[in-house]
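One structure is given below, encoded as structure tokens.
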Amino acid sequence: MRTREFKTISVAFGLMSMALMGSFAFVIKFAEDDGIAPARAALLMSVVGASSILGRLLLTAVAGKLGSVRLLQIALIAQPVAYFFWIIANGRYYLLVIFAALLGLTYGGFVALAGDVVAFYFGLVGIGAVTGMLFFFSGFGSLIGPPIVGFLADLSTFRIVPVGAVFVMASLGAGVLLTASTKPVDFGPNQSTSLPDRETPVDKEKTSHRPTVFELEPV
């Protein structure tokens, strides 16, 4: 947990969660303030949920071929793009739907790929502890994100201030994750990150890439 990769992912996850939960907390309220009916405003969260399912299915389907780290970086890069649609929506419902769909797609990809990225960097030994610590930082971001966005919304009459803050948080998170290496952490010869006995690795003669958790089958 003292490695550069762990610190990089922790910061990226924290910033991403600040933006994500900040947007979840206020997307319906801001839509209603722009004159959208409550039922249609609430439907935006359903769009997020539905597209997140699609994101999990699509990104995990290609993770073994394209690499989970690169896919996760792409997912986090796409989140500021989603928030940009939120900034320019100005009450136009179709732009809010695009925002919600793209945000859900990338959020679903993040949830699905996070565990595989941890396994890629640190191996499967102790994966529960490492993943738990990473999601601690994600949870901390979720804790402070909504109050920050709410404070900025109360502070300014301009909608771009709180929504722009969400955009900046997500952009910083994506930028931080882009600095992460695309190679597994080298713990040296005395520390093994090999697969546990209860799981069978992919046949090395059939594939040249490092196995992902999506390719492991219980014995």
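Residues in the structure tokens are numbered from 1 in each chain, the chains being A, B, ... in the order shown, and ligands are numbered from 1 in the order shown.
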Item checked: Exercise: Ala100 in chain A partners within 10 Å, only C-alpha atoms, chain neighbours under 6 positions left out, as a VMD selection string -> chain A and resid 23 to 24 27 43 to 52 82 to 83 85 to 86 94
Write the residues of the selection above to a file with C-alpha atoms, as a PDB file, in the first residue's frame.
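Saved the output as selection13.pdb:
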ATOM      1  CA  SER A  23     -23.737  15.070  -8.994  1.00  0.00           C
ATOM      2  CA  PHE A  24     -26.052  12.336  -7.694  1.00  0.00           C
ATOM      3  CA  VAL A  27     -28.939  16.404 -10.435  1.00  0.00           C
ATOM      4  CA  LEU A  43     -36.133   9.635 -14.348  1.00  0.00           C
ATOM      5  CA  LEU A  44     -32.588  10.892 -14.915  1.00  0.00           C
ATOM      6  CA  MET A  45     -31.389   8.703 -12.045  1.00  0.00           C
ATOM      7  CA  SER A  46     -33.096   5.730 -13.670  1.00  0.00           C
ATOM      8  CA  VAL A  47     -31.136   6.502 -16.829  1.00  0.00           C
ATOM      9  CA  VAL A  48     -27.941   6.496 -14.766  1.00  0.00           C
ATOM     10  CA  GLY A  49     -28.830   3.124 -13.249  1.00  0.00           C
ATOM     11  CA  ALA A  50     -29.787   1.493 -16.540  1.00  0.00           C
ATOM     12  CA  SER A  51     -26.705   2.725 -18.373  1.00  0.00           C
ATOM     13  CA  SER A  52     -24.463   1.643 -15.488  1.00  0.00           C
ATOM     14  CA  ALA A  82     -20.526  13.783 -19.163  1.00  0.00           C
ATOM     15  CA  TYR A  83     -20.342  16.679 -16.708  1.00  0.00           C
ATOM     16  CA  PHE A  85     -23.151  18.106 -20.988  1.00  0.00           C
ATOM     17  CA  TRP A  86     -24.569  18.906 -17.543  1.00  0.00           C
ATOM     18  CA  TYR A  94     -32.185  15.737 -24.001  1.00  0.00           C
TER      19      TYR A  94
END
Next item on the list: Check the DSSP output for the backbone and give back, as number ranges by chain, the residues of chain A in helix (DSSP H, G or I).
Entry: A: 4-33, 38-66, 68-89, 93-122, 127-155, 160-178, 213-215
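Our summary of the geometry notes that CA of Gly141 in chain A is positioned 26.1 Å from CA of Leu58 in chain A.
By only C-alpha atoms, and with residues fewer than 6 positions from range 154-170 of chain A along its chain excluded, the set lying at most 6 Å from it is Leu15, Met16, Ala19, Pro80 and Tyr83 of chain A.
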Only N, CA and C atoms, please: the residues just picked out, written as an mmCIF file, in the first residue's frame.
data_model
loop_
_atom_site.group_PDB
_atom_site.id
_atom_site.type_symbol
_atom_site.label_atom_id
_atom_site.label_comp_id
_atom_site.auth_asym_id
_atom_site.auth_seq_id
_atom_site.Cartn_x
_atom_site.Cartn_y
_atom_site.Cartn_z
ATOM 1 N N LEU A 15 -11.251 11.439 -5.811
ATOM 2 C CA LEU A 15 -11.721 12.586 -6.591
ATOM 3 C C LEU A 15 -12.922 12.215 -7.449
ATOM 4 N N MET A 16 -12.863 11.034 -8.060
ATOM 5 C CA MET A 16 -13.980 10.584 -8.879
ATOM 6 C C MET A 16 -15.251 10.455 -8.048
ATOM 7 N N ALA A 19 -16.898 13.834 -7.170
ATOM 8 C CA ALA A 19 -17.690 14.359 -8.283
ATOM 9 C C ALA A 19 -18.969 13.550 -8.480
ATOM 10 N N PRO A 80 -15.649 13.589 -17.084
ATOM 11 C CA PRO A 80 -15.726 15.041 -17.295
ATOM 12 C C PRO A 80 -16.504 15.418 -18.550
ATOM 13 N N TYR A 83 -20.038 15.482 -17.495
ATOM 14 C CA TYR A 83 -20.342 16.679 -16.708
ATOM 15 C C TYR A 83 -20.383 17.936 -17.582
#
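Residue nearest Gly108 in chain A within the list A:Ala78, A:Ile53, A:Leu20, A:Leu66: A:Ile53 [criterion: smallest interatomic distance, only C-alpha atoms].
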Checklist line | chain A: residues DSSP assigns to strand (DSSP E), reported as number ranges by chain | finding: A: 199-200, 217-218
Next item on the list: Give me, please, the distance in Å between CA of Phe6 in chain A and CA of Gly22 in chain A, quoted to one decimal.
Entry: 24.0 Å
